[in-house]
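Data block for target.tsv (TSV, C-alpha atoms and all ligand atoms):
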```tsv
chain	number	residue	atom	x	y	z
R	1	MET	CA	89.52	92.65	170.23
R	2	ASN	CA	88.21	95.97	171.43
R	3	SER	CA	89.26	99.08	169.56
R	4	THR	CA	87.51	102.30	168.68
R	5	THR	CA	89.79	102.57	165.63
R	6	LEU	CA	88.80	99.10	164.44
R	7	ASP	CA	85.11	99.85	165.04
R	8	LEU	CA	85.28	103.05	163.00
R	9	ALA	CA	87.26	101.37	160.21
R	10	MET	CA	84.58	98.66	160.00
R	11	ALA	CA	81.78	101.23	159.87
R	12	LEU	CA	83.53	102.92	156.94
R	13	LEU	CA	84.24	99.62	155.16
R	14	GLU	CA	80.53	98.77	155.19
R	15	ARG	CA	79.94	101.74	152.90
R	16	PRO	CA	80.39	100.75	149.22
R	17	SER	CA	82.13	104.00	148.28
R	18	LEU	CA	83.26	103.11	144.78
R	19	THR	CA	85.04	106.13	143.35
R	20	PRO	CA	83.76	108.86	143.17
R	21	GLU	CA	80.97	107.78	145.53
R	22	ASP	CA	81.35	108.64	149.19
R	23	ALA	CA	78.39	106.48	150.28
R	24	GLY	CA	78.03	108.30	153.60
R	25	CYS	CA	81.60	107.90	154.86
R	26	LEU	CA	82.15	111.64	155.21
R	27	ASP	CA	78.98	111.95	157.30
R	28	ILE	CA	80.23	109.30	159.73
R	29	ILE	CA	83.53	111.12	160.13
R	30	ALA	CA	81.93	114.57	160.24
R	31	ALA	CA	79.66	113.53	163.12
R	32	ARG	CA	82.68	112.45	165.16
R	33	LEU	CA	84.55	115.67	164.40
R	34	GLU	CA	81.56	117.89	165.13
R	35	SER	CA	81.30	116.55	168.67
R	36	LEU	CA	84.98	117.46	169.11
R	37	GLY	CA	84.30	121.09	168.25
R	38	PHE	CA	85.43	121.05	164.62
R	39	ASN	CA	84.02	123.54	162.17
R	40	LEU	CA	82.70	121.52	159.22
R	41	GLU	CA	82.55	122.69	155.64
R	42	PHE	CA	81.31	120.42	152.92
R	43	LEU	CA	82.73	121.56	149.60
R	44	PRO	CA	80.96	119.68	146.81
R	45	PHE	CA	82.32	120.05	143.27
R	46	GLY	CA	80.50	118.30	140.43
R	47	PRO	CA	79.45	114.84	141.64
R	48	VAL	CA	82.08	114.81	144.39
R	49	ASN	CA	81.65	115.63	148.04
R	50	ASN	CA	84.62	116.97	149.96
R	51	LEU	CA	85.06	117.90	153.61
R	52	TRP	CA	87.27	120.63	155.06
R	53	ALA	CA	87.11	120.44	158.84
R	54	THR	CA	89.05	122.76	161.13
R	55	ARG	CA	89.53	123.18	164.85
R	56	GLY	CA	91.33	126.44	165.58
R	57	THR	CA	92.05	129.49	163.49
R	58	THR	CA	95.73	130.21	164.07
R	59	GLU	CA	98.94	128.92	162.52
R	60	PRO	CA	100.63	126.51	162.34
R	61	VAL	CA	98.00	124.45	160.52
R	62	PHE	CA	98.29	120.68	160.72
R	63	THR	CA	96.19	118.83	158.13
R	64	PHE	CA	95.31	115.16	157.83
R	65	ALA	CA	94.46	114.43	154.19
R	66	GLY	CA	92.75	111.39	152.79
R	67	HIS	CA	90.07	109.84	150.62
R	68	THR	CA	86.94	107.83	151.32
R	69	ASP	CA	86.57	106.40	147.82
R	70	VAL	CA	87.85	102.97	146.85
R	71	VAL	CA	88.76	101.19	143.62
R	72	PRO	CA	86.45	98.49	142.16
R	73	VAL	CA	86.55	95.08	143.86
R	74	GLY	CA	87.46	93.16	140.71
R	75	ASP	CA	86.22	89.56	140.75
R	76	ALA	CA	84.06	89.53	143.89
R	77	ARG	CA	83.99	85.71	143.90
R	78	ALA	CA	87.76	85.65	144.31
R	79	TRP	CA	87.44	87.36	147.70
R	80	GLY	CA	87.39	85.28	150.89
R	81	SER	CA	84.50	87.46	152.11
R	82	ASP	CA	82.19	90.14	150.74
R	83	PRO	CA	84.41	93.16	150.00
R	84	PHE	CA	81.82	95.48	151.59
R	85	VAL	CA	81.11	93.33	154.64
R	86	PRO	CA	84.21	93.83	156.79
R	87	GLU	CA	85.45	90.60	158.34
R	88	ILE	CA	88.31	89.80	160.70
R	89	ARG	CA	90.23	86.62	160.04
R	90	GLU	CA	93.46	85.64	161.77
R	91	GLY	CA	94.36	89.12	162.89
R	92	TYR	CA	93.52	90.88	159.62
R	93	LEU	CA	90.58	93.09	158.76
R	94	TYR	CA	89.37	92.38	155.22
R	95	GLY	CA	87.38	94.71	152.97
R	96	ARG	CA	87.85	97.02	149.99
R	97	GLY	CA	89.55	100.11	151.34
R	98	ALA	CA	90.91	98.46	154.52
R	99	ALA	CA	94.46	99.58	153.68
R	100	ASP	CA	93.71	102.25	151.06
R	101	MET	CA	92.63	104.11	153.06
R	102	LYS	CA	89.69	103.76	155.44
R	103	GLY	CA	91.93	102.27	158.12
R	104	SER	CA	94.00	105.47	158.04
R	105	LEU	CA	90.88	107.66	158.21
R	106	ALA	CA	89.71	105.81	161.30
R	107	ALA	CA	93.17	106.17	162.86
R	108	MET	CA	93.18	109.92	162.18
R	109	VAL	CA	89.83	110.42	163.91
R	110	THR	CA	90.66	108.37	167.00
R	111	ALA	CA	94.12	109.96	167.22
R	112	ILE	CA	92.49	113.41	167.32
R	113	GLU	CA	89.92	112.22	169.89
R	114	ARG	CA	92.62	111.03	172.29
R	115	PHE	CA	94.83	114.04	171.61
R	116	LEU	CA	92.00	116.43	172.53
R	117	SER	CA	90.84	114.41	175.53
R	118	GLN	CA	94.22	114.93	177.22
R	119	ASP	CA	94.38	118.66	176.76
R	120	ALA	CA	92.03	120.53	174.47
R	121	ASP	CA	94.45	123.48	174.38
R	122	TYR	CA	97.17	123.40	171.78
R	123	GLY	CA	98.95	125.87	169.57
R	124	GLY	CA	97.59	126.24	166.06
R	125	THR	CA	94.91	124.47	164.03
R	126	ILE	CA	94.05	120.84	163.38
R	127	SER	CA	92.26	120.23	160.09
R	128	LEU	CA	91.14	117.44	157.81
R	129	LEU	CA	90.91	117.58	154.04
R	130	LEU	CA	88.90	114.59	152.88
R	131	THR	CA	87.61	113.73	149.41
R	132	SER	CA	85.83	110.93	147.59
R	133	ASP	CA	87.65	111.61	144.33
R	134	GLU	CA	91.21	110.34	144.66
R	135	GLU	CA	91.11	106.93	142.99
R	136	GLY	CA	89.30	108.11	139.87
R	137	ILE	CA	90.00	111.12	137.71
R	138	ALA	CA	90.63	113.30	140.78
R	139	ALA	CA	89.27	116.39	139.06
R	140	ASP	CA	86.70	117.51	141.66
R	141	GLY	CA	88.45	116.49	144.84
R	142	THR	CA	91.55	117.75	146.59
R	143	VAL	CA	92.64	119.85	143.62
R	144	LYS	CA	89.43	121.93	143.84
R	145	VAL	CA	89.49	122.19	147.63
R	146	ILE	CA	93.06	123.50	147.48
R	147	GLU	CA	92.00	126.05	144.85
R	148	GLU	CA	89.27	127.22	147.21
R	149	LEU	CA	91.62	127.38	150.21
R	150	ARG	CA	94.21	129.26	148.17
R	151	ALA	CA	91.58	131.82	147.13
R	152	ARG	CA	90.78	132.41	150.79
R	153	GLY	CA	94.44	132.76	151.74
R	154	GLN	CA	94.23	129.64	153.90
R	155	ASN	CA	97.68	128.17	154.58
R	156	ILE	CA	98.60	124.61	155.40
R	157	THR	CA	101.86	124.24	157.31
R	158	TRP	CA	102.10	120.46	157.57
R	159	CYS	CA	100.04	117.87	155.72
R	160	LEU	CA	100.07	114.21	156.65
R	161	VAL	CA	98.46	112.08	153.93
R	162	GLY	CA	97.24	108.69	155.12
R	163	GLU	CA	98.18	106.76	151.98
R	164	PRO	CA	99.44	103.25	152.69
R	165	SER	CA	103.17	103.92	152.51
R	166	SER	CA	104.50	100.97	154.51
R	167	ARG	CA	106.14	98.07	152.70
R	168	THR	CA	106.41	95.05	155.00
R	169	ARG	CA	105.79	96.48	158.48
R	170	LEU	CA	104.00	99.55	159.69
R	171	GLY	CA	106.28	102.59	159.53
R	172	ASP	CA	109.13	101.07	157.53
R	173	VAL	CA	108.55	103.53	154.65
R	174	VAL	CA	107.16	107.06	154.53
R	175	ARG	CA	106.79	108.96	151.29
R	176	ASN	CA	108.32	112.42	151.12
R	177	GLY	CA	107.55	113.14	147.48
R	178	ARG	CA	106.20	111.75	144.27
R	179	ARG	CA	107.33	111.99	140.71
R	180	GLY	CA	105.36	114.19	138.37
R	181	SER	CA	103.34	112.82	135.46
R	182	LEU	CA	103.11	114.72	132.17
R	183	ASN	CA	101.14	113.33	129.23
R	184	GLY	CA	101.47	114.35	125.60
R	185	ARG	CA	99.31	113.58	122.60
R	186	LEU	CA	101.36	114.05	119.44
R	187	MET	CA	99.70	114.55	116.05
R	188	VAL	CA	102.02	114.28	113.06
R	189	HIS	CA	100.73	115.60	109.75
R	190	GLY	CA	102.02	114.10	106.50
R	191	VAL	CA	100.74	113.74	102.97
R	192	GLN	CA	98.69	110.68	102.09
R	193	GLY	CA	99.32	108.81	98.85
R	194	HIS	CA	100.18	105.60	97.01
R	195	VAL	CA	103.10	103.63	98.45
R	196	ALA	CA	104.45	103.24	94.89
R	197	TYR	CA	105.01	107.02	94.54
R	198	PRO	CA	107.30	107.97	97.43
R	199	ALA	CA	108.09	111.35	95.93
R	200	GLN	CA	104.45	112.34	96.24
R	201	VAL	CA	103.90	111.42	99.89
R	202	VAL	CA	105.16	112.59	103.27
R	203	ASN	CA	105.10	109.55	105.50
R	204	PRO	CA	104.18	110.54	109.07
R	205	ILE	CA	105.16	107.09	110.38
R	206	HIS	CA	108.73	107.44	109.13
R	207	LEU	CA	109.01	110.94	110.57
R	208	ALA	CA	107.55	110.01	113.94
R	209	ALA	CA	109.64	106.84	114.23
R	210	GLN	CA	112.88	108.80	114.04
R	211	ALA	CA	111.77	111.51	116.44
R	212	LEU	CA	110.29	109.07	118.96
R	213	ALA	CA	113.49	107.01	118.83
R	214	GLU	CA	115.48	110.12	119.68
R	215	LEU	CA	113.08	111.12	122.45
R	216	SER	CA	113.20	107.63	123.95
R	217	ASN	CA	117.03	107.73	123.96
R	218	THR	CA	117.29	111.18	125.49
R	219	GLN	CA	118.66	111.55	128.99
R	220	TRP	CA	116.36	114.18	130.47
R	221	ASP	CA	118.23	114.45	133.75
R	222	THR	CA	120.19	112.16	136.04
R	223	GLY	CA	117.80	112.22	138.98
R	224	ASN	CA	118.97	113.16	142.47
R	225	GLU	CA	119.39	111.79	145.96
R	226	PHE	CA	115.65	111.22	146.23
R	227	TYR	CA	114.63	110.39	142.67
R	228	PRO	CA	115.61	108.17	139.74
R	229	PRO	CA	116.11	109.97	136.41
R	230	THR	CA	113.09	111.26	134.53
R	231	SER	CA	111.67	108.65	132.13
R	232	PHE	CA	109.92	108.98	128.78
R	233	GLN	CA	107.59	106.25	127.52
R	234	VAL	CA	105.42	106.00	124.41
R	235	SER	CA	102.13	104.38	125.40
R	236	ASN	CA	100.09	104.44	122.19
R	237	ILE	CA	100.73	104.87	118.50
R	238	ALA	CA	98.14	104.86	115.75
R	239	ALA	CA	98.39	105.41	112.01
R	240	GLY	CA	97.40	103.70	108.80
R	241	THR	CA	94.28	103.15	106.77
R	242	GLY	CA	94.40	99.37	106.91
R	243	ALA	CA	95.36	99.16	103.23
R	244	GLU	CA	98.82	97.91	102.32
R	245	ASN	CA	99.28	100.31	99.44
R	246	VAL	CA	98.44	103.60	101.17
R	247	VAL	CA	100.79	105.89	103.07
R	248	PRO	CA	98.58	107.51	105.71
R	249	GLY	CA	98.23	111.26	106.04
R	250	SER	CA	98.61	111.47	109.80
R	251	LEU	CA	99.78	109.73	112.93
R	252	GLU	CA	98.83	110.04	116.56
R	253	ALA	CA	101.11	108.98	119.41
R	254	ARG	CA	100.69	109.26	123.15
R	255	PHE	CA	103.56	109.46	125.56
R	256	ASN	CA	104.19	110.09	129.23
R	257	PHE	CA	106.97	111.62	131.28
R	258	ARG	CA	107.44	110.48	134.88
R	259	PHE	CA	109.63	113.28	136.00
R	260	CYS	CA	111.64	114.17	139.07
R	261	THR	CA	112.35	117.54	140.64
R	262	GLU	CA	115.44	117.98	138.42
R	263	SER	CA	113.23	118.75	135.38
R	264	THR	CA	110.39	121.20	135.08
R	265	VAL	CA	107.28	120.82	132.96
R	266	GLU	CA	108.45	123.74	130.80
R	267	ASP	CA	111.87	122.12	130.25
R	268	LEU	CA	110.35	118.86	129.11
R	269	GLN	CA	107.91	120.56	126.77
R	270	ARG	CA	110.58	122.78	125.26
R	271	ARG	CA	113.06	119.95	124.76
R	272	THR	CA	110.40	117.71	123.19
R	273	LYS	CA	109.52	120.44	120.72
R	274	THR	CA	113.20	120.99	119.89
R	275	VAL	CA	113.57	117.32	118.88
R	276	LEU	CA	110.43	117.36	116.72
R	277	ASP	CA	111.46	120.59	115.04
R	278	ALA	CA	114.94	119.22	114.36
R	279	HIS	CA	113.30	116.40	112.41
R	280	ASN	CA	111.29	118.93	110.46
R	281	ILE	CA	108.01	117.43	111.52
R	282	ASP	CA	104.70	119.20	110.94
R	283	HIS	CA	103.05	118.45	114.25
R	284	ARG	CA	100.94	119.51	117.18
R	285	ILE	CA	101.17	118.38	120.80
R	286	ASP	CA	98.36	118.56	123.33
R	287	TRP	CA	99.83	118.46	126.82
R	288	HIS	CA	98.11	117.28	129.98
R	289	LEU	CA	99.82	117.59	133.33
R	290	SER	CA	98.42	114.96	135.72
R	291	GLY	CA	100.59	116.07	138.57
R	292	ASP	CA	103.69	118.09	139.25
R	293	ALA	CA	106.57	116.50	141.11
R	294	PHE	CA	106.97	117.39	144.75
R	295	LEU	CA	109.57	116.77	147.40
R	296	THR	CA	109.69	117.38	151.14
R	297	ALA	CA	113.41	116.92	151.59
R	298	GLY	CA	113.38	117.72	155.30
R	299	GLY	CA	111.58	119.96	157.77
R	300	GLU	CA	109.60	119.74	160.98
R	301	LEU	CA	106.92	117.37	159.69
R	302	LEU	CA	109.36	114.76	158.40
R	303	SER	CA	111.33	115.03	161.64
R	304	ALA	CA	108.19	114.61	163.76
R	305	VAL	CA	106.85	111.69	161.71
R	306	SER	CA	110.21	109.91	161.83
R	307	ALA	CA	110.60	110.50	165.57
R	308	SER	CA	107.07	109.26	166.28
R	309	ILE	CA	107.56	106.11	164.22
R	310	ARG	CA	110.76	105.37	166.13
R	311	HIS	CA	109.16	106.14	169.48
R	312	VAL	CA	105.80	104.39	169.07
R	313	LEU	CA	106.60	101.62	166.58
R	314	ASP	CA	110.30	101.07	167.27
R	315	VAL	CA	110.96	101.17	163.54
R	316	ASP	CA	113.50	103.27	161.65
R	317	PRO	CA	111.57	104.67	158.67
R	318	GLN	CA	113.05	105.01	155.19
R	319	THR	CA	111.93	107.86	152.95
R	320	SER	CA	110.75	107.03	149.45
R	321	THR	CA	109.43	108.92	146.46
R	322	GLY	CA	108.24	105.78	144.65
R	323	GLY	CA	104.79	104.76	143.51
R	324	GLY	CA	102.23	106.50	141.33
R	325	THR	CA	100.76	109.91	141.95
R	326	SER	CA	98.78	110.87	145.05
R	327	ASP	CA	96.82	113.87	146.23
R	328	GLY	CA	100.05	115.13	147.80
R	329	ARG	CA	100.77	116.63	144.36
R	330	PHE	CA	97.88	119.07	144.81
R	331	ILE	CA	98.65	119.97	148.41
R	332	ALA	CA	102.40	120.63	148.19
R	333	PRO	CA	102.07	123.65	145.88
R	334	ILE	CA	100.16	125.58	148.56
R	335	GLY	CA	103.45	125.62	150.46
R	336	ALA	CA	102.86	122.75	152.85
R	337	GLU	CA	105.39	120.19	153.97
R	338	VAL	CA	103.75	116.94	152.80
R	339	ILE	CA	104.49	113.45	154.10
R	340	GLU	CA	102.55	110.28	153.38
R	341	PHE	CA	102.40	107.67	156.11
R	342	GLY	CA	99.92	104.83	156.41
R	343	PRO	CA	99.48	101.04	156.56
R	344	VAL	CA	101.27	98.26	154.72
R	345	ASN	CA	100.37	98.47	151.04
R	346	ALA	CA	100.89	94.81	150.03
R	347	THR	CA	97.19	94.20	149.25
R	348	ILE	CA	95.96	97.57	147.99
R	349	HIS	CA	93.78	97.49	144.86
R	350	LYS	CA	93.93	93.64	144.98
R	351	VAL	CA	91.36	91.02	145.92
R	352	ASN	CA	91.33	90.32	149.67
R	353	GLU	CA	92.60	93.79	150.57
R	354	CYS	CA	93.34	93.78	154.28
R	355	VAL	CA	95.08	95.52	157.16
R	356	ALA	CA	96.47	93.99	160.35
R	357	THR	CA	93.95	94.84	163.08
R	358	ALA	CA	96.79	95.57	165.53
R	359	ASP	CA	98.25	98.08	163.08
R	360	LEU	CA	95.10	100.22	163.25
R	361	ASP	CA	95.66	101.11	166.91
R	362	ARG	CA	99.41	101.41	166.36
R	363	LEU	CA	98.84	103.79	163.46
R	364	SER	CA	96.41	105.83	165.54
R	365	ALA	CA	98.92	106.01	168.42
R	366	THR	CA	101.62	107.19	166.02
R	367	TYR	CA	99.35	109.86	164.50
R	368	GLU	CA	98.56	111.06	168.02
R	369	ASP	CA	102.25	111.23	168.88
R	370	ILE	CA	102.90	113.29	165.73
R	371	LEU	CA	100.16	115.75	166.74
R	372	SER	CA	101.72	116.09	170.19
R	373	ARG	CA	105.21	116.75	168.85
R	374	LEU	CA	104.06	119.43	166.42
R	375	LEU	CA	101.25	121.18	168.25
R	376	ARG	CA	102.33	120.93	171.88
R	377	GLY	CA	105.88	121.94	171.06
R	401	ZN	ZN	94.77	105.78	148.36
```
Can you dump the structure from the file as structure tokens?
Amino acid sequence: MNSTTLDLAMALLERPSLTPEDAGCLDIIAARLESLGFNLEFLPFGPVNNLWATRGTTEPVFTFAGHTDVVPVGDARAWGSDPFVPEIREGYLYGRGAADMKGSLAAMVTAIERFLSQDADYGGTISLLLTSDEEGIAADGTVKVIEELRARGQNITWCLVGEPSSRTRLGDVVRNGRRGSLNGRLMVHGVQGHVAYPAQVVNPIHLAAQALAELSNTQWDTGNEFYPPTSFQVSNIAAGTGAENVVPGSLEARFNFRFCTESTVEDLQRRTKTVLDAHNIDHRIDWHLSGDAFLTAGGELLSAVSASIRHVLDVDPQTSTGGGTSDGRFIAPIGAEVIEFGPVNATIHKVNECVATADLDRLSATYEDILSRLLRG
């Protein structure tokens, strides 16, 4: 099997880029882009290296986004081969990151190489936004690069994220949005005392139990065509001194909203506070927004991606907003249409992560077709 996409994917898989390490992956990609005439900007934040590469200065701006970091291998002995020594067995390329998402990165680079070799003139800008901080806390990666681009007034028109979106065959699912994730840490203040003197205590467990029951039974919205309803889940609860005869003085609970585009962060915060106040609870909530919800309900990028998948792969793609969060949450707010399209995700984050070798070239061909539709008109 001879494939420049496969070769590049294997070169990237040899690098043990455990999040937030990049382990030299960006340098490999940057060298390829530099010889194509890209302007390279490394944008390190904290321990994380990021790359913003552009070819062109005019709009529209097409951006490939992705990450070089990978999740831990888990039990290395459970793998059929060393997770950082890429190996091909029965038509599949094995290695940590094969599907999530070094295969996509290789396909992006070779797609651009072929696209430019046909006709180096096109309308607009091709860019890549790559980070090594997606799988971890994602504090110094795409979010910071977008801040920097926003400060410069740099627009992104279309952003194709190479996350492994496909379910059973390449192209069967593309993601056109993700739910938001909002975390809350609730502190309830009561009055500690002896269990035998209920008049002299304020039991924070009793107060919180009633309020959390109401919050967990609340219908926050009914979802929409693209999203299930917003959900509220309590993930942690802690109170008590360990003694059986003491009412504790405080309680801490943690909860999470997975929310759709029918609710805003402000709505959810306000309605949560209303419930707690109605129960007369002395409390404080620390909020942490992990990612806002986003949705690309239509537009030129979704049309082009769908048309290319039909044309190159002969597959009719479904749109989905499922799954966890992705870096798309940071990119959409800059005003870009954001679509995620990449390999089959059946083995991501598992032992024996793999990608079909044939899918690497097919993905690259589809990426190239998308570039042609959008930038050659
Ligand atoms: Zn990923």
Report task. Using all atoms listed in the file, find the one residue out of R:Gln318, R:Asn50, R:Gln118, R:Gln192 that sits nearest to R:Gly240. Result -> R:Gln192
Requested in this report: Could you give me, as a ChimeraX atom specification, the residues within 9 Å of stretch 342-348 of chain R, counting all atoms listed in the file and dropping anything in the same chain fewer than 3 positions from it?
Outcome: /R:96-101,103-104,161-174,351-356,359-360,363
What does the file look like for those residues with C-alpha atoms, as a short mmCIF file (atom, residue, chain, number, x, y, z; two decimals), in the coordinates of the input?
```cif
data_model
loop_
_atom_site.label_atom_id
_atom_site.label_comp_id
_atom_site.auth_asym_id
_atom_site.auth_seq_id
_atom_site.Cartn_x
_atom_site.Cartn_y
_atom_site.Cartn_z
CA ARG R 96 87.85 97.02 149.99
CA GLY R 97 89.55 100.11 151.34
CA ALA R 98 90.91 98.46 154.52
CA ALA R 99 94.46 99.58 153.68
CA ASP R 100 93.71 102.25 151.06
CA MET R 101 92.63 104.11 153.06
CA GLY R 103 91.93 102.27 158.12
CA SER R 104 94.00 105.47 158.04
CA VAL R 161 98.46 112.08 153.93
CA GLY R 162 97.24 108.69 155.12
CA GLU R 163 98.18 106.76 151.98
CA PRO R 164 99.44 103.25 152.69
CA SER R 165 103.17 103.92 152.51
CA SER R 166 104.50 100.97 154.51
CA ARG R 167 106.14 98.07 152.70
CA THR R 168 106.41 95.05 155.00
CA ARG R 169 105.79 96.48 158.48
CA LEU R 170 104.00 99.55 159.69
CA GLY R 171 106.28 102.59 159.53
CA ASP R 172 109.13 101.07 157.53
CA VAL R 173 108.55 103.53 154.65
CA VAL R 174 107.16 107.06 154.53
CA VAL R 351 91.36 91.02 145.92
CA ASN R 352 91.33 90.32 149.67
CA GLU R 353 92.60 93.79 150.57
CA CYS R 354 93.34 93.78 154.28
CA VAL R 355 95.08 95.52 157.16
CA ALA R 356 96.47 93.99 160.35
CA ASP R 359 98.25 98.08 163.08
CA LEU R 360 95.10 100.22 163.25
CA LEU R 363 98.84 103.79 163.46
#
```
**Report entry** Coordinates-based distance that separates atom CA of R:Gly24 from atom CA of R:Ile112 (Å, one decimal)
**Finding:**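 These two atoms are separated by 20.6 Å.
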**Report entry** Polymer residues at most 10 Å from (101.6, 111.9, 108.5) by all atoms listed in the file, as a VMD selection string
**Finding:** chain R and resid 187 to 192 201 to 208 239 to 240 247 to 252 281 to 283
Requested in this report: Would you mind telling me which residue in R:Asp7, R:Glu21, R:Glu134, R:Glu337 lies nearest to ligand ZN 401 (chain R) when using only C-alpha atoms and all ligand atoms?
Outcome: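 Looking at the shortest contact to ligand ZN 401 (chain R), the residue is R:Glu134.
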How close does each residue of stretch 102-144 of chain R get to stretch 30-44 of chain R, giving the shortest atom pair and distance in Å to one decimal for every residue with an atom at most 12 Å away, counting only C-alpha atoms, sorted by chain and residue number, as a Markdown table?
```
| residue | atom | partner | partner_atom | distance |
| --- | --- | --- | --- | --- |
| R:Leu105 | CA | R:Ala30 | CA | 11.5 |
| R:Ala106 | CA | R:Arg32 | CA | 10.4 |
| R:Met108 | CA | R:Leu33 | CA | 10.6 |
| R:Val109 | CA | R:Leu33 | CA | 7.5 |
| R:Thr110 | CA | R:Arg32 | CA | 9.1 |
| R:Ala111 | CA | R:Leu33 | CA | 11.5 |
| R:Ile112 | CA | R:Leu36 | CA | 8.7 |
| R:Glu113 | CA | R:Leu36 | CA | 7.2 |
| R:Arg114 | CA | R:Leu36 | CA | 10.5 |
| R:Phe115 | CA | R:Leu36 | CA | 10.7 |
| R:Leu116 | CA | R:Leu36 | CA | 7.9 |
| R:Ser117 | CA | R:Leu36 | CA | 9.2 |
| R:Ala120 | CA | R:Leu36 | CA | 9.4 |
| R:Thr125 | CA | R:Phe38 | CA | 10.1 |
| R:Ile126 | CA | R:Phe38 | CA | 8.7 |
| R:Ser127 | CA | R:Phe38 | CA | 8.2 |
| R:Leu128 | CA | R:Leu40 | CA | 9.5 |
| R:Leu129 | CA | R:Glu41 | CA | 9.9 |
| R:Leu130 | CA | R:Phe42 | CA | 9.6 |
| R:Thr131 | CA | R:Leu43 | CA | 9.2 |
| R:Ser132 | CA | R:Pro44 | CA | 10.0 |
| R:Asp133 | CA | R:Pro44 | CA | 10.8 |
| R:Ala139 | CA | R:Pro44 | CA | 11.8 |
| R:Asp140 | CA | R:Pro44 | CA | 8.0 |
| R:Gly141 | CA | R:Pro44 | CA | 8.4 |
| R:Thr142 | CA | R:Leu43 | CA | 10.1 |
| R:Val143 | CA | R:Leu43 | CA | 11.7 |
| R:Lys144 | CA | R:Leu43 | CA | 8.8 |
```
Taking C-alpha atoms for each residue, export the selection above as a compact mmCIF listing (two decimals), in the coordinates of the input.
```
# COMPACT_ATOMS: atom_id res chain seq x y z
CA LEU R 105 90.88 107.66 158.21
CA ALA R 106 89.71 105.81 161.30
CA MET R 108 93.18 109.92 162.18
CA VAL R 109 89.83 110.42 163.91
CA THR R 110 90.66 108.37 167.00
CA ALA R 111 94.12 109.96 167.22
CA ILE R 112 92.49 113.41 167.32
CA GLU R 113 89.92 112.22 169.89
CA ARG R 114 92.62 111.03 172.29
CA PHE R 115 94.83 114.04 171.61
CA LEU R 116 92.00 116.43 172.53
CA SER R 117 90.84 114.41 175.53
CA ALA R 120 92.03 120.53 174.47
CA THR R 125 94.91 124.47 164.03
CA ILE R 126 94.05 120.84 163.38
CA SER R 127 92.26 120.23 160.09
CA LEU R 128 91.14 117.44 157.81
CA LEU R 129 90.91 117.58 154.04
CA LEU R 130 88.90 114.59 152.88
CA THR R 131 87.61 113.73 149.41
CA SER R 132 85.83 110.93 147.59
CA ASP R 133 87.65 111.61 144.33
CA ALA R 139 89.27 116.39 139.06
CA ASP R 140 86.70 117.51 141.66
CA GLY R 141 88.45 116.49 144.84
CA THR R 142 91.55 117.75 146.59
CA VAL R 143 92.64 119.85 143.62
CA LYS R 144 89.43 121.93 143.84
```
Take stretch 292-308 of chain R from the block and save it with C-alpha atoms, as a PDB file, in the first residue's frame.
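The resulting decode_30.pdb:
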```pdb
ATOM      1  CA  ASP R 292     -20.991  27.212  25.028  1.00  0.00           C
ATOM      2  CA  ALA R 293     -23.373  25.391  22.725  1.00  0.00           C
ATOM      3  CA  PHE R 294     -22.982  25.984  19.023  1.00  0.00           C
ATOM      4  CA  LEU R 295     -24.940  25.083  15.931  1.00  0.00           C
ATOM      5  CA  THR R 296     -24.249  25.399  12.218  1.00  0.00           C
ATOM      6  CA  ALA R 297     -27.780  24.782  11.017  1.00  0.00           C
ATOM      7  CA  GLY R 298     -26.956  25.298   7.346  1.00  0.00           C
ATOM      8  CA  GLY R 299     -24.701  27.401   5.151  1.00  0.00           C
ATOM      9  CA  GLU R 300     -22.066  27.013   2.472  1.00  0.00           C
ATOM     10  CA  LEU R 301     -19.691  24.836   4.496  1.00  0.00           C
ATOM     11  CA  LEU R 302     -22.305  22.247   5.445  1.00  0.00           C
ATOM     12  CA  SER R 303     -23.526  22.203   1.837  1.00  0.00           C
ATOM     13  CA  ALA R 304     -20.000  21.734   0.484  1.00  0.00           C
ATOM     14  CA  VAL R 305     -19.082  19.022   3.007  1.00  0.00           C
ATOM     15  CA  SER R 306     -22.309  17.124   2.312  1.00  0.00           C
ATOM     16  CA  ALA R 307     -21.889  17.422  -1.456  1.00  0.00           C
ATOM     17  CA  SER R 308     -18.263  16.246  -1.291  1.00  0.00           C
TER      18      SER R 308
END
```
